[in-house]
>>> print(open('run23.cif').read())   # mmCIF, C-alpha atoms
data_my_file
loop_
_atom_site.group_PDB
_atom_site.id
_atom_site.type_symbol
_atom_site.label_atom_id
_atom_site.label_comp_id
_atom_site.auth_asym_id
_atom_site.auth_seq_id
_atom_site.Cartn_x
_atom_site.Cartn_y
_atom_site.Cartn_z
ATOM 1 C CA MET A 1 19.964 -18.312 -94.531
ATOM 2 C CA LYS A 2 19.768 -14.526 -94.191
ATOM 3 C CA LYS A 3 18.243 -14.270 -97.669
ATOM 4 C CA VAL A 4 15.428 -16.596 -96.652
ATOM 5 C CA LEU A 5 14.648 -14.490 -93.644
ATOM 6 C CA VAL A 6 14.918 -11.246 -95.602
ATOM 7 C CA THR A 7 12.498 -12.229 -98.240
ATOM 8 C CA ALA A 8 10.955 -14.288 -95.791
ATOM 9 C CA ALA A 9 8.487 -13.769 -94.677
ATOM 10 C CA LEU A 10 6.878 -16.191 -96.171
ATOM 11 C CA CYS A 11 4.592 -18.872 -99.552
ATOM 12 C CA ILE A 12 0.969 -22.443 -100.462
ATOM 13 C CA LEU A 13 -0.676 -25.641 -101.338
ATOM 14 C CA GLY A 14 -4.274 -24.917 -102.250
ATOM 15 C CA ALA A 15 -4.925 -21.849 -100.030
ATOM 16 C CA ALA A 16 -3.150 -18.952 -101.715
ATOM 17 C CA SER A 17 -6.093 -16.568 -101.455
ATOM 18 C CA VAL A 18 -6.592 -17.212 -97.725
ATOM 19 C CA GLN A 19 -2.926 -16.730 -96.956
ATOM 20 C CA ALA A 20 -2.601 -13.726 -99.213
ATOM 21 C CA ALA A 21 -5.278 -12.013 -97.124
ATOM 22 C CA ASP A 22 -3.202 -12.443 -93.943
ATOM 23 C CA LEU A 23 0.316 -12.286 -95.381
ATOM 24 C CA GLY A 24 -0.218 -10.203 -98.488
ATOM 25 C CA GLY A 25 1.108 -6.705 -98.884
ATOM 26 C CA GLU A 26 4.310 -4.852 -98.201
ATOM 27 C CA TRP A 27 6.517 -5.536 -95.191
ATOM 28 C CA ALA A 28 9.608 -3.839 -93.761
ATOM 29 C CA ARG A 29 12.263 -5.966 -92.049
ATOM 30 C CA GLY A 30 12.954 -5.009 -88.443
ATOM 31 C CA ASP A 31 16.612 -4.080 -89.072
ATOM 32 C CA GLY A 32 15.556 -1.524 -91.705
ATOM 33 C CA LYS A 33 17.642 -3.129 -94.459
ATOM 34 C CA ALA A 34 14.902 -4.663 -96.613
ATOM 35 C CA ARG A 35 11.306 -4.408 -97.774
ATOM 36 C CA VAL A 36 9.318 -7.159 -99.433
ATOM 37 C CA LYS A 37 5.994 -7.551 -101.178
ATOM 38 C CA ILE A 38 4.160 -10.776 -100.436
ATOM 39 C CA GLU A 39 1.681 -11.954 -103.050
ATOM 40 C CA PRO A 40 0.307 -15.120 -104.646
ATOM 41 C CA CYS A 41 2.474 -16.684 -107.372
ATOM 42 C CA GLY A 42 0.820 -19.691 -108.931
ATOM 43 C CA ASP A 43 -0.185 -22.134 -106.195
ATOM 44 C CA ASN A 44 2.339 -20.614 -103.792
ATOM 45 C CA ILE A 45 3.119 -17.312 -102.081
ATOM 46 C CA CYS A 46 6.124 -15.222 -103.102
ATOM 47 C CA ALA A 47 8.049 -12.670 -101.098
ATOM 48 C CA ILE A 48 9.823 -10.322 -103.506
ATOM 49 C CA ASN A 49 12.444 -7.807 -102.436
ATOM 50 C CA THR A 50 11.174 -4.342 -103.399
ATOM 51 C CA TRP A 51 13.945 -2.374 -101.693
ATOM 52 C CA ILE A 52 17.346 -3.269 -100.216
ATOM 53 C CA LYS A 53 19.453 -0.780 -98.265
ATOM 54 C CA PRO A 54 22.580 0.064 -100.279
ATOM 55 C CA GLY A 55 25.583 -1.906 -99.078
ATOM 56 C CA THR A 56 23.547 -4.874 -97.830
ATOM 57 C CA PRO A 57 25.520 -7.923 -99.024
ATOM 58 C CA LYS A 58 24.002 -10.927 -100.828
ATOM 59 C CA GLU A 59 20.611 -9.294 -101.326
ATOM 60 C CA LYS A 60 19.155 -7.326 -104.197
ATOM 61 C CA THR A 61 15.889 -5.826 -105.339
ATOM 62 C CA GLY A 62 13.851 -8.354 -107.302
ATOM 63 C CA ASP A 63 15.125 -11.440 -105.457
ATOM 64 C CA ARG A 64 12.233 -13.770 -104.711
ATOM 65 C CA LEU A 65 11.420 -16.417 -102.126
ATOM 66 C CA VAL A 66 8.763 -18.982 -103.079
ATOM 67 C CA MET A 67 6.884 -20.303 -100.061
ATOM 68 C CA THR A 68 4.765 -23.428 -99.899
ATOM 69 C CA ILE A 69 3.033 -23.006 -96.566
ATOM 70 C CA LYS A 70 -0.213 -24.072 -94.951
ATOM 71 C CA PRO A 71 -2.099 -22.508 -92.062
ATOM 72 C CA SER A 72 -1.557 -24.398 -88.818
ATOM 73 C CA SER A 73 -3.777 -22.137 -86.695
ATOM 74 C CA GLU A 74 -5.074 -18.585 -86.890
ATOM 75 C CA GLY A 75 -2.224 -16.366 -88.094
ATOM 76 C CA GLN A 76 0.261 -19.262 -88.039
ATOM 77 C CA TYR A 77 1.750 -20.906 -91.134
ATOM 78 C CA SER A 78 4.415 -23.531 -91.724
ATOM 79 C CA GLY A 79 6.020 -25.318 -94.624
ATOM 80 C CA SER A 80 8.989 -24.728 -96.879
ATOM 81 C CA ALA A 81 10.577 -21.861 -98.765
ATOM 82 C CA PHE A 82 12.630 -22.131 -101.931
ATOM 83 C CA ASP A 83 15.304 -19.522 -102.679
ATOM 84 C CA PRO A 84 15.941 -19.766 -106.449
ATOM 85 C CA GLN A 85 18.889 -17.353 -106.259
ATOM 86 C CA ARG A 86 20.799 -19.858 -104.099
ATOM 87 C CA ASN A 87 18.960 -23.049 -105.145
ATOM 88 C CA MET A 88 18.184 -23.813 -101.484
ATOM 89 C CA THR A 89 15.051 -24.961 -99.666
ATOM 90 C CA TYR A 90 14.373 -24.123 -96.025
ATOM 91 C CA ASN A 91 11.796 -25.055 -93.419
ATOM 92 C CA ILE A 92 9.822 -21.925 -92.581
ATOM 93 C CA SER A 93 7.226 -20.815 -90.077
ATOM 94 C CA VAL A 94 5.352 -17.528 -90.238
ATOM 95 C CA SER A 95 3.321 -15.833 -87.529
ATOM 96 C CA VAL A 96 1.107 -12.841 -88.359
ATOM 97 C CA LYS A 97 -0.626 -10.735 -85.740
ATOM 98 C CA GLY A 98 -2.155 -7.510 -87.037
ATOM 99 C CA ASP A 99 0.591 -5.457 -88.650
ATOM 100 C CA SER A 100 3.434 -7.553 -87.209
ATOM 101 C CA MET A 101 4.946 -10.683 -88.689
ATOM 102 C CA THR A 102 7.678 -13.031 -87.526
ATOM 103 C CA THR A 103 9.403 -15.422 -89.899
ATOM 104 C CA LYS A 104 11.636 -18.262 -88.785
ATOM 105 C CA GLY A 105 13.797 -20.145 -91.271
ATOM 106 C CA CYS A 106 15.694 -23.338 -90.496
ATOM 107 C CA ILE A 107 18.345 -25.396 -92.280
ATOM 108 C CA VAL A 108 20.340 -28.526 -91.403
ATOM 109 C CA ALA A 109 17.296 -30.564 -90.327
ATOM 110 C CA GLY A 110 16.056 -27.688 -88.156
ATOM 111 C CA LEU A 111 19.276 -27.341 -86.163
ATOM 112 C CA LEU A 112 20.167 -23.851 -87.437
ATOM 113 C CA CYS A 113 17.285 -21.385 -87.223
ATOM 114 C CA LYS A 114 16.881 -17.634 -87.240
ATOM 115 C CA GLY A 115 13.842 -15.443 -86.707
ATOM 116 C CA VAL A 116 13.144 -12.039 -88.220
ATOM 117 C CA GLU A 117 10.547 -9.433 -87.235
ATOM 118 C CA TRP A 118 8.592 -7.516 -89.903
ATOM 119 C CA SER A 119 6.159 -4.580 -89.860
ATOM 120 C CA ARG A 120 3.403 -4.062 -92.400
ATOM 121 C CA ILE A 121 3.876 -0.960 -94.556
ATOM 122 C CA GLY A 122 0.632 0.922 -95.185
ATOM 123 C CA SER A 123 -2.694 -0.811 -94.830
#
>>> encode(input="run23.cif", output="structure tokens")
Amino acid sequence: MKKVLVTAALCILGAASVQAADLGGEWARGDGKARVKIEPCGDNICAINTWIKPGTPKEKTGDRLVMTIKPSSEGQYSGSAFDPQRNMTYNISVSVKGDSMTTKGCIVAGLLCKGVEWSRIGS
């Protein structure tokens, strides 16, 4: 679950370029333990770990999260995220407002959820 939220941030059916404009770029996780780059990958969006704080368990640079999300309203996305490192799929929602992003991943039919705050790195 933590891995999804780390690399979360986020991933599309038919609108990769639109989402990449809002989601694309580099993001730092609010706890300071991870950075990701979000970019199109095929028909989806991928969040790829570009830096992990040493000693952070179960996460490594290069891990990827593949998101299949659709816009639900301005700056709001929802869908699923696949974590190939753990062979798990999660429900995910992403909210982007300026240089801030919140990701929320859920498992067990939406009963276990966790949100993570992100800040855009650079412009």
>>> residues_near_point(input="run23.cif", point="(6.5, -24.1, -96.1)", cutoff="7 Å", atoms="all atoms listed in the file", output="list in words")
Cys11, Met67, Thr68, Ile69, Lys70, Ser78, Gly79, Ser80, Ala81, Asn91, Ile92 and Ser93 of chain A
>>> residues_around(input="run23.cif", residues="Val94 in chain A", least_positions_apart="5", cutoff="10 Å", atoms="all atoms listed in the file", output="ChimeraX atom specification")
/A:8-11,23,69-72,75-79,101-105,115-116
>>> closest_residue(input="run23.cif", among="A:Lys114, A:Lys58, A:Ala109, A:Glu74", to="Val96 in chain A", atoms="all atoms listed in the file")
A:Glu74
>>> atom_distance(input="run23.cif", atom1="CA of Trp118 in chain A", atom2="CA of Asn87 in chain A")
24.1 Å
>>> resolve_selection(input="run23.cif", expression="the PyMOL selection byres ((chain A and resi 47) around 6)", output="list of chain:residue names")
A:Thr7, A:Val36, A:Lys37, A:Ile38, A:Cys46, A:Ile48, A:Arg64, A:Leu65
>>> decode(input="run23.cif", residues="chain A", atoms="C-alpha atoms", output="short mmCIF file (atom, residue, chain, number, x, y, z; two decimals), in the first residue's frame")
data_model
loop_
_atom_site.label_atom_id
_atom_site.label_comp_id
_atom_site.auth_asym_id
_atom_site.auth_seq_id
_atom_site.Cartn_x
_atom_site.Cartn_y
_atom_site.Cartn_z
CA MET A 1 0.00 0.00 0.00
CA LYS A 2 2.77 2.44 0.92
CA LYS A 3 4.51 1.76 -2.40
CA VAL A 4 1.39 2.77 -4.29
CA LEU A 5 1.20 6.03 -2.43
CA VAL A 6 4.92 6.67 -2.79
CA THR A 7 4.99 6.29 -6.48
CA ALA A 8 1.61 7.39 -6.46
CA ALA A 9 0.78 9.84 -7.41
CA LEU A 10 -0.73 8.72 -10.09
CA CYS A 11 -1.57 6.91 -14.55
CA ILE A 12 -4.82 6.73 -18.56
CA LEU A 13 -7.29 5.52 -21.03
CA GLY A 14 -7.12 7.76 -24.08
CA ALA A 15 -6.08 11.06 -22.42
CA ALA A 16 -2.40 10.69 -21.59
CA SER A 17 -1.39 14.06 -23.03
CA VAL A 18 -4.09 15.95 -21.10
CA GLN A 19 -3.20 14.28 -17.84
CA ALA A 20 0.51 14.60 -18.40
CA ALA A 21 0.04 18.37 -18.61
CA ASP A 22 -1.54 18.45 -15.12
CA LEU A 23 0.27 15.54 -13.47
CA GLY A 24 3.51 15.45 -15.42
CA GLY A 25 6.84 16.37 -13.94
CA GLU A 26 8.75 15.73 -10.76
CA TRP A 27 7.10 15.49 -7.35
CA ALA A 28 8.44 15.22 -3.80
CA ARG A 29 6.48 13.21 -1.23
CA GLY A 30 5.42 15.18 1.83
CA ASP A 31 7.43 13.04 4.28
CA GLY A 32 10.65 13.79 2.37
CA LYS A 33 11.43 10.12 1.73
CA ALA A 34 10.70 9.88 -2.00
CA ARG A 35 10.64 11.72 -5.31
CA VAL A 36 8.87 10.58 -8.44
CA LYS A 37 8.68 11.57 -12.08
CA ILE A 38 5.24 11.31 -13.64
CA GLU A 39 5.12 10.87 -17.40
CA PRO A 40 3.14 9.13 -20.14
CA CYS A 41 3.96 5.44 -20.69
CA GLY A 42 2.01 3.98 -23.58
CA ASP A 43 -1.70 4.67 -23.07
CA ASN A 44 -1.18 5.16 -19.33
CA ILE A 45 0.70 7.42 -16.92
CA CYS A 46 3.68 6.15 -14.94
CA ALA A 47 5.09 7.40 -11.67
CA ILE A 48 8.73 6.34 -11.43
CA ASN A 49 10.80 6.65 -8.28
CA THR A 50 13.77 8.92 -9.06
CA TRP A 51 15.09 9.15 -5.50
CA ILE A 52 14.42 7.23 -2.27
CA LYS A 53 15.85 8.31 1.09
CA PRO A 54 18.43 5.74 2.23
CA GLY A 55 16.96 3.33 4.75
CA THR A 56 13.40 3.60 3.43
CA PRO A 57 12.14 -0.01 3.41
CA LYS A 58 10.37 -1.68 0.47
CA GLU A 59 11.08 1.16 -1.96
CA LYS A 60 13.86 1.71 -4.45
CA THR A 61 14.85 4.06 -7.23
CA GLY A 62 13.41 2.91 -10.55
CA ASP A 63 10.27 1.31 -9.10
CA ARG A 64 7.27 2.23 -11.23
CA LEU A 65 3.54 2.59 -10.73
CA VAL A 66 1.35 2.34 -13.84
CA MET A 67 -1.84 4.37 -13.53
CA THR A 68 -4.95 4.04 -15.66
CA ILE A 69 -6.89 7.12 -14.65
CA LYS A 70 -9.45 9.43 -16.19
CA PRO A 71 -10.29 13.02 -15.33
CA SER A 72 -13.44 13.29 -13.24
CA SER A 73 -13.38 17.10 -12.97
CA GLU A 74 -10.78 19.84 -13.25
CA GLY A 75 -7.64 18.64 -11.47
CA GLN A 76 -9.34 15.44 -10.28
CA TYR A 77 -8.55 11.95 -11.58
CA SER A 78 -9.64 8.45 -10.61
CA GLY A 79 -9.05 4.91 -11.73
CA SER A 80 -6.58 2.17 -10.92
CA ALA A 81 -2.86 1.80 -10.36
CA PHE A 82 -0.80 -1.32 -10.99
CA ASP A 83 2.36 -1.94 -8.96
CA PRO A 84 4.41 -4.44 -11.01
CA GLN A 85 6.97 -4.87 -8.21
CA ARG A 86 4.27 -6.38 -5.97
CA ASN A 87 1.85 -7.56 -8.69
CA MET A 88 -0.98 -5.59 -7.04
CA THR A 89 -3.69 -3.29 -8.38
CA TYR A 90 -5.20 -0.49 -6.32
CA ASN A 91 -8.04 1.99 -6.70
CA ILE A 92 -6.52 5.46 -6.89
CA SER A 93 -7.68 9.05 -6.90
CA VAL A 94 -5.45 12.02 -7.63
CA SER A 95 -6.12 15.69 -6.96
CA VAL A 96 -3.85 18.37 -8.45
CA LYS A 97 -4.06 22.03 -7.53
CA GLY A 98 -1.17 24.16 -8.77
CA ASP A 99 2.05 22.73 -7.37
CA SER A 100 0.31 20.47 -4.84
CA MET A 101 -0.98 16.96 -5.40
CA THR A 102 -2.79 14.49 -3.18
CA THR A 103 -2.94 10.80 -4.00
CA LYS A 104 -5.25 8.34 -2.29
CA GLY A 105 -4.82 4.60 -2.76
CA CYS A 106 -7.30 1.98 -1.58
CA ILE A 107 -7.28 -1.80 -1.28
CA VAL A 108 -9.74 -4.40 0.04
CA ALA A 109 -12.73 -3.04 -1.91
CA GLY A 110 -11.96 0.51 -0.76
CA LEU A 111 -11.97 -0.32 2.95
CA LEU A 112 -8.27 0.42 3.54
CA CYS A 113 -7.16 3.77 2.13
CA LYS A 114 -4.27 6.15 2.66
CA GLY A 115 -3.60 9.61 1.29
CA VAL A 116 -0.24 11.19 0.55
CA GLU A 117 0.63 14.84 -0.11
CA TRP A 118 3.13 15.79 -2.84
CA SER A 119 4.82 19.03 -3.93
CA ARG A 120 5.94 19.77 -7.47
CA ILE A 121 9.71 20.10 -7.84
CA GLY A 122 10.73 22.92 -10.19
CA SER A 123 8.32 24.25 -12.75
#
